[in-house]
Amino acid sequence: MIVIDANSPVPPFEQLRAQLARQIQDRTLAVGARLPTIRRLAADLGLAVNTVGRAYRELEEAGLIETRGRAGSFVSAAGEQARERARRAAADYAAVVASIGLDESEALCIVQAALRSGGAAASASF
């Protein structure tokens, strides 16, 4: 269930994008699941069509959904591929951390800083 908080400082398109992304990542929305049309979801949530369209575009750019023309939008298998890529990157990072003797708490701090900055901190650290 998607809930948009009109009083939130977070823009509605971002609330929608984040909630759909979370549902895809936690597999509430399975690979291949058909999403509501943009117009239908906009009407259901009381949002402008462009707001929902922007959320869908950003999800598509992230590889979480794919649009198949008039057939609609579907949860993409690329989301699973992205999760596997992240697992591999984490394993590689753990190997680097172990090889240079960094303790776990410092390694986690580096990851948290990188996540907060969108990855810029990670590239600056190495």
# chains A, B, ... in the order shown; residues from 1 in each chain; ligands from 1
>>> residues_around(residues="Arg68 (chain A)", least_positions_apart="3", cutoff="12 Å", atoms="only C-alpha atoms", output="PyMOL selection string")
chain A and resi 32+34-35+37+60+65+71-76
>>> atom_distance(atom1="CA of Asn50 (chain A)", atom2="CA of Ala82 (chain A)")
26.8 Å
>>> atom_distance(atom1="CA of Leu20 (chain A)", atom2="CA of Arg40 (chain A)")
15.2 Å
>>> select_by_dssp(residues="chain A", states="strand (DSSP E)", output="PyMOL selection string")
chain A and resi 65-67+73-75
>>> select_by_dssp(residues="chain A", states="helix (DSSP H, G or I)", output="count of residues only")
80
>>> atom_distance(atom1="CA of Ala30 (chain A)", atom2="CA of Leu115 (chain A)")
25.6 Å
>>> closest_residue(among="A:Ala33, A:Met1, A:Ala86, A:Ile38", to="Tyr56 (chain A)", atoms="only C-alpha atoms")
A:Ile38
>>> residues_around(residues="Arg17 (chain A)", least_positions_apart="2", cutoff="9 Å", atoms="only C-alpha atoms", output="mmCIF file with all heavy atoms, in the first residue's frame")
data_model
loop_
_atom_site.group_PDB
_atom_site.id
_atom_site.type_symbol
_atom_site.label_atom_id
_atom_site.label_comp_id
_atom_site.auth_asym_id
_atom_site.auth_seq_id
_atom_site.Cartn_x
_atom_site.Cartn_y
_atom_site.Cartn_z
ATOM 1 N N PRO A 12 6.053 14.588 -3.183
ATOM 2 C CA PRO A 12 5.225 13.403 -3.424
ATOM 3 C C PRO A 12 5.854 12.398 -4.386
ATOM 4 O O PRO A 12 5.769 11.194 -4.160
ATOM 5 C CB PRO A 12 3.926 13.979 -3.995
ATOM 6 C CG PRO A 12 3.859 15.355 -3.440
ATOM 7 C CD PRO A 12 5.280 15.828 -3.361
ATOM 8 N N PHE A 13 6.510 12.859 -5.459
ATOM 9 C CA PHE A 13 7.106 11.912 -6.400
ATOM 10 C C PHE A 13 8.178 11.085 -5.708
ATOM 11 O O PHE A 13 8.322 9.891 -5.980
ATOM 12 C CB PHE A 13 7.681 12.611 -7.649
ATOM 13 C CG PHE A 13 9.080 13.137 -7.467
ATOM 14 C CD1 PHE A 13 10.179 12.334 -7.732
ATOM 15 C CD2 PHE A 13 9.292 14.423 -7.006
ATOM 16 C CE1 PHE A 13 11.475 12.821 -7.545
ATOM 17 C CE2 PHE A 13 10.572 14.910 -6.817
ATOM 18 C CZ PHE A 13 11.667 14.097 -7.089
ATOM 19 N N GLU A 14 8.921 11.706 -4.780
ATOM 20 C CA GLU A 14 9.989 10.988 -4.072
ATOM 21 C C GLU A 14 9.402 10.018 -3.053
ATOM 22 O O GLU A 14 9.929 8.917 -2.859
ATOM 23 C CB GLU A 14 10.941 11.973 -3.406
ATOM 24 C CG GLU A 14 12.041 11.325 -2.596
ATOM 25 C CD GLU A 14 12.911 10.339 -3.372
ATOM 26 O OE1 GLU A 14 13.002 10.440 -4.610
ATOM 27 O OE2 GLU A 14 13.503 9.445 -2.732
ATOM 28 N N GLN A 15 8.319 10.410 -2.398
ATOM 29 C CA GLN A 15 7.646 9.486 -1.486
ATOM 30 C C GLN A 15 7.181 8.248 -2.256
ATOM 31 O O GLN A 15 7.376 7.112 -1.801
ATOM 32 C CB GLN A 15 6.439 10.153 -0.823
ATOM 33 C CG GLN A 15 6.786 11.246 0.165
ATOM 34 C CD GLN A 15 5.526 11.839 0.770
ATOM 35 O OE1 GLN A 15 4.671 11.114 1.273
ATOM 36 N NE2 GLN A 15 5.404 13.168 0.713
ATOM 37 N N GLN A 19 8.750 4.443 -1.861
ATOM 38 C CA GLN A 19 7.893 3.350 -1.405
ATOM 39 C C GLN A 19 7.843 2.206 -2.422
ATOM 40 O O GLN A 19 7.911 1.033 -2.047
ATOM 41 C CB GLN A 19 6.479 3.860 -1.104
ATOM 42 C CG GLN A 19 6.439 4.733 0.149
ATOM 43 C CD GLN A 19 5.049 5.271 0.421
ATOM 44 O OE1 GLN A 19 4.110 4.497 0.556
ATOM 45 N NE2 GLN A 19 4.923 6.592 0.495
ATOM 46 N N LEU A 20 7.764 2.547 -3.713
ATOM 47 C CA LEU A 20 7.780 1.488 -4.727
ATOM 48 C C LEU A 20 9.129 0.780 -4.759
ATOM 49 O O LEU A 20 9.191 -0.452 -4.845
ATOM 50 C CB LEU A 20 7.442 2.063 -6.104
ATOM 51 C CG LEU A 20 5.978 2.427 -6.321
ATOM 52 C CD1 LEU A 20 5.797 3.185 -7.637
ATOM 53 C CD2 LEU A 20 5.098 1.194 -6.286
ATOM 54 N N ALA A 21 10.211 1.548 -4.656
ATOM 55 C CA ALA A 21 11.547 0.935 -4.644
ATOM 56 C C ALA A 21 11.694 -0.014 -3.465
ATOM 57 O O ALA A 21 12.231 -1.125 -3.609
ATOM 58 C CB ALA A 21 12.628 2.021 -4.597
ATOM 59 N N ARG A 22 11.210 0.392 -2.306
ATOM 60 C CA ARG A 22 11.274 -0.463 -1.113
ATOM 61 C C ARG A 22 10.477 -1.745 -1.334
ATOM 62 O O ARG A 22 10.933 -2.831 -0.995
ATOM 63 C CB ARG A 22 10.760 0.294 0.114
ATOM 64 C CG ARG A 22 11.047 -0.405 1.426
ATOM 65 C CD ARG A 22 10.661 0.416 2.662
ATOM 66 N NE ARG A 22 11.045 1.824 2.583
ATOM 67 C CZ ARG A 22 10.187 2.841 2.415
ATOM 68 N NH1 ARG A 22 8.891 2.629 2.331
ATOM 69 N NH2 ARG A 22 10.610 4.086 2.355
ATOM 70 N N VAL A 52 3.393 11.098 -10.783
ATOM 71 C CA VAL A 52 3.554 9.646 -10.864
ATOM 72 C C VAL A 52 4.495 9.296 -12.016
ATOM 73 O O VAL A 52 5.363 8.427 -11.878
ATOM 74 C CB VAL A 52 2.187 8.948 -11.020
ATOM 75 C CG1 VAL A 52 2.362 7.442 -11.214
ATOM 76 C CG2 VAL A 52 1.306 9.238 -9.811
ATOM 77 N N ARG A 54 6.980 10.986 -13.138
ATOM 78 C CA ARG A 54 8.370 11.243 -12.726
ATOM 79 C C ARG A 54 8.889 10.108 -11.837
ATOM 80 O O ARG A 54 10.027 9.655 -12.001
ATOM 81 C CB ARG A 54 8.482 12.576 -11.990
ATOM 82 C CG ARG A 54 9.901 12.879 -11.571
ATOM 83 C CD ARG A 54 10.063 14.268 -11.022
ATOM 84 N NE ARG A 54 11.428 14.486 -10.590
ATOM 85 C CZ ARG A 54 11.831 15.558 -9.957
ATOM 86 N NH1 ARG A 54 10.990 16.552 -9.697
ATOM 87 N NH2 ARG A 54 13.090 15.680 -9.579
ATOM 88 N N ALA A 55 8.071 9.650 -10.912
ATOM 89 C CA ALA A 55 8.478 8.536 -10.044
ATOM 90 C C ALA A 55 8.767 7.296 -10.883
ATOM 91 O O ALA A 55 9.786 6.621 -10.688
ATOM 92 C CB ALA A 55 7.407 8.249 -9.002
ATOM 93 N N TYR A 56 7.895 6.985 -11.834
ATOM 94 C CA TYR A 56 8.102 5.823 -12.704
ATOM 95 C C TYR A 56 9.378 5.988 -13.532
ATOM 96 O O TYR A 56 10.139 5.042 -13.695
ATOM 97 C CB TYR A 56 6.893 5.619 -13.620
ATOM 98 C CG TYR A 56 5.758 4.805 -13.042
ATOM 99 C CD1 TYR A 56 5.463 4.807 -11.681
ATOM 100 C CD2 TYR A 56 4.933 4.049 -13.860
ATOM 101 C CE1 TYR A 56 4.405 4.073 -11.163
ATOM 102 C CE2 TYR A 56 3.881 3.309 -13.353
ATOM 103 C CZ TYR A 56 3.617 3.319 -12.013
ATOM 104 O OH TYR A 56 2.571 2.579 -11.508
ATOM 105 N N GLU A 58 12.072 7.672 -12.812
ATOM 106 C CA GLU A 58 13.252 7.486 -11.957
ATOM 107 C C GLU A 58 13.448 6.019 -11.591
ATOM 108 O O GLU A 58 14.574 5.541 -11.521
ATOM 109 C CB GLU A 58 13.161 8.379 -10.721
ATOM 110 C CG GLU A 58 13.307 9.840 -11.099
ATOM 111 C CD GLU A 58 13.611 10.751 -9.935
ATOM 112 O OE1 GLU A 58 13.902 10.260 -8.824
ATOM 113 O OE2 GLU A 58 13.583 11.978 -10.144
ATOM 114 N N LEU A 59 12.363 5.286 -11.378
ATOM 115 C CA LEU A 59 12.464 3.852 -11.105
ATOM 116 C C LEU A 59 12.993 3.110 -12.338
ATOM 117 O O LEU A 59 13.782 2.180 -12.216
ATOM 118 C CB LEU A 59 11.103 3.288 -10.690
ATOM 119 C CG LEU A 59 10.610 3.721 -9.311
ATOM 120 C CD1 LEU A 59 9.129 3.399 -9.143
ATOM 121 C CD2 LEU A 59 11.441 3.079 -8.208
#
>>> closest_residue(among="A:Val31, A:Asp26, A:Glu84, A:Gly46", to="Val3 (chain A)", atoms="only C-alpha atoms")
A:Gly46
>>> closest_residue(among="A:Arg70, A:Glu61, A:Tyr93, A:Ala6", to="Leu108 (chain A)", atoms="only C-alpha atoms")
A:Tyr93
